[in-house]
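Everything on this sheet refers to the single structure shown next.
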Amino acid sequence: MSEISEKLNVQVLFSAYCQGIFPMSDETGEINWYCPDPRAIIPIDTYRPSKSLHPVLNRNEFEIRIDQQFEQVMHFCSVPRSEEDGVWISEEMIKVYSELHRLGFAHSVEAYKNNELVGGLYGVHIGAVFFGESMFSKVSNASKVAFHTLIEILRKNQFEMLDSQFINDNVRRYGAIEIPRKLFLEKLENEIGKECQFQL
């Protein structure tokens, strides 16, 4: 994808998402822009929690909150999961996404245990589309419960599309599929003009 030449700020970020484009930072901190073909999405209607997650949900092992520690969620998501994983969330990105959050266009779903933030995810919300960005888990199943709650929020508030950008094993377990970029952009154009609230 050709780079967006302007410096990363809220206006550029918002405009990019409206065009199906998102940023990732490389190890030097330079921002690169992507609009993959094919595009990965998670169908909201067909998601079902795994059998192993049912007991966790039934026990209410985690307290779920939204938008209480958005910036902290991003910081936790920016930590590489292994030595092989690269760092793609820079401090510059955290600053700009946090500003987007304050404007009401980015959200976090947070899992707490004993009042400690132990898992969660964040993404961008425009119209009836939620662009999932990243998740983290410090305790087994914390991010899975956060994702399950995200789906419940999207269903309750009549969201139409959940973007997960690139396909990988992690998003496949949540039911991610790939669609042609052209179809994704058509769906995006149809859905970003609608009004949906992001609330539990």
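Ligands are numbered from 1 in the order shown, chains are lettered A, B, ... in the order of the structure tokens, and residues start at 1 in each chain.
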
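Every protein, DNA or RNA residue with an atom at most 9 Å from Val139 of chain A, where only C-alpha atoms count and chain neighbours fewer than 3 positions away do not, is listed here: Lys113, Val118, Gly119, Ala142 and Ser143 of chain A.
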
DSSP on the backbone: what in segment 19-121 of chain A comes out strand (DSSP E), as a list of chain:residue names?
-> A:Phe22, A:Pro23, A:Met24, A:Ser25, A:Ile31, A:Asn32, A:Trp33, A:Tyr34, A:Arg39, A:Ala40, A:Ile41, A:Glu63, A:Ile64, A:Arg65, A:Ile66, A:Ala106, A:His107, A:Ser108, A:Val109, A:Glu110, A:Ala111, A:Tyr112, A:Lys113, A:Glu116, A:Leu117, A:Val118, A:Gly119, A:Gly120, A:Leu121

Given the selection you just returned, output its residues as a file containing C-alpha atoms, formatted as a PDB file, in the first residue's frame.
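Result written to out-v1.pdb:
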```
ATOM      1  CA  PHE A  22      -4.726   1.392   8.802  1.00  0.00           C
ATOM      2  CA  PRO A  23      -1.220   2.107  10.160  1.00  0.00           C
ATOM      3  CA  MET A  24       1.433  -0.157  11.627  1.00  0.00           C
ATOM      4  CA  SER A  25       4.783   0.905  12.995  1.00  0.00           C
ATOM      5  CA  ILE A  31       4.545   4.412  10.261  1.00  0.00           C
ATOM      6  CA  ASN A  32       3.475   2.319   7.265  1.00  0.00           C
ATOM      7  CA  TRP A  33      -0.060   2.090   5.893  1.00  0.00           C
ATOM      8  CA  TYR A  34      -1.959  -1.018   4.793  1.00  0.00           C
ATOM      9  CA  ARG A  39      -9.171  -8.607   3.950  1.00  0.00           C
ATOM     10  CA  ALA A  40      -9.981 -10.539   7.126  1.00  0.00           C
ATOM     11  CA  ILE A  41     -13.299  -9.942   8.869  1.00  0.00           C
ATOM     12  CA  GLU A  63     -15.347  -8.170  35.517  1.00  0.00           C
ATOM     13  CA  ILE A  64     -15.721  -6.444  32.158  1.00  0.00           C
ATOM     14  CA  ARG A  65     -15.509  -2.686  31.735  1.00  0.00           C
ATOM     15  CA  ILE A  66     -15.250  -0.509  28.649  1.00  0.00           C
ATOM     16  CA  ALA A 106     -11.859   4.312  19.584  1.00  0.00           C
ATOM     17  CA  HIS A 107     -12.794   1.950  22.397  1.00  0.00           C
ATOM     18  CA  SER A 108     -11.370  -0.645  24.729  1.00  0.00           C
ATOM     19  CA  VAL A 109     -12.997  -3.707  26.266  1.00  0.00           C
ATOM     20  CA  GLU A 110     -11.220  -4.573  29.511  1.00  0.00           C
ATOM     21  CA  ALA A 111     -11.160  -7.710  31.694  1.00  0.00           C
ATOM     22  CA  TYR A 112     -10.431  -7.294  35.403  1.00  0.00           C
ATOM     23  CA  LYS A 113      -9.646  -9.792  38.132  1.00  0.00           C
ATOM     24  CA  GLU A 116      -6.553  -5.559  38.224  1.00  0.00           C
ATOM     25  CA  LEU A 117      -6.550  -5.122  34.450  1.00  0.00           C
ATOM     26  CA  VAL A 118      -5.544  -8.570  33.162  1.00  0.00           C
ATOM     27  CA  GLY A 119      -6.772  -8.633  29.561  1.00  0.00           C
ATOM     28  CA  GLY A 120      -8.527  -6.670  26.894  1.00  0.00           C
ATOM     29  CA  LEU A 121      -8.665  -5.337  23.378  1.00  0.00           C
TER      30      LEU A 121
END
```

Identify, on the basis of only C-alpha atoms, every residue whose closest approach to Arg181 of chain A does not exceed 9 Å; exclude the query and any residue fewer than 2 positions from it along the same chain; express the result as a list in words.
-> Gly20, Cys35, Pro36, Asp37, Pro38, Arg39, Glu178, Ile179, Leu183, Phe184, Leu185 and Glu186 of chain A

Could you write out that same residue set with N, CA and C atoms as a CSV table (one decimal), in the first residue's frame?
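Result saved to out_30.csv:
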```csv
chain,number,residue,atom,x,y,z
A,20,GLY,N,-10.5,2.4,4.6
A,20,GLY,CA,-10.1,1.0,4.8
A,20,GLY,C,-8.6,0.8,5.0
A,35,CYS,N,-3.8,-1.8,3.4
A,35,CYS,CA,-5.1,-2.1,3.0
A,35,CYS,C,-5.1,-3.4,2.3
A,36,PRO,N,-5.0,-4.5,3.1
A,36,PRO,CA,-4.7,-5.8,2.5
A,36,PRO,C,-5.8,-6.4,1.6
A,37,ASP,N,-5.3,-7.2,0.7
A,37,ASP,CA,-6.2,-7.9,-0.2
A,37,ASP,C,-5.7,-9.4,-0.3
A,38,PRO,N,-6.5,-10.3,0.2
A,38,PRO,CA,-7.9,-10.2,0.7
A,38,PRO,C,-7.8,-9.6,2.1
A,39,ARG,N,-9.0,-9.2,2.6
A,39,ARG,CA,-9.2,-8.6,3.9
A,39,ARG,C,-9.8,-9.6,4.9
A,178,GLU,N,-11.7,-14.5,5.1
A,178,GLU,CA,-11.2,-13.5,4.2
A,178,GLU,C,-12.2,-13.2,3.1
A,179,ILE,N,-12.2,-11.9,2.7
A,179,ILE,CA,-13.0,-11.5,1.6
A,179,ILE,C,-12.2,-10.6,0.7
A,183,LEU,N,-14.7,-6.1,-2.1
A,183,LEU,CA,-16.0,-6.3,-1.4
A,183,LEU,C,-15.9,-5.6,0.0
A,184,PHE,N,-14.8,-5.7,0.7
A,184,PHE,CA,-14.6,-5.1,2.0
A,184,PHE,C,-14.9,-3.6,1.8
A,185,LEU,N,-14.3,-2.9,0.8
A,185,LEU,CA,-14.5,-1.5,0.7
A,185,LEU,C,-15.9,-1.1,0.3
A,186,GLU,N,-16.6,-1.9,-0.4
A,186,GLU,CA,-18.0,-1.7,-0.7
A,186,GLU,C,-18.8,-1.8,0.6
```

What does the distance between atom CA of Trp88 of chain A and atom CA of Glu152 of chain A come to in Å, to one decimal place?
->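 Distance reported for this atom pair: 27.9 Å.
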
Counting only C-alpha atoms, the option among A:Gln199, A:Ser134, A:Ser98, A:Thr28 closest to Phe76 of chain A =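 Ranking A:Gln199, A:Ser134, A:Ser98, A:Thr28 by distance to Phe76 of chain A, first place goes to A:Ser134.
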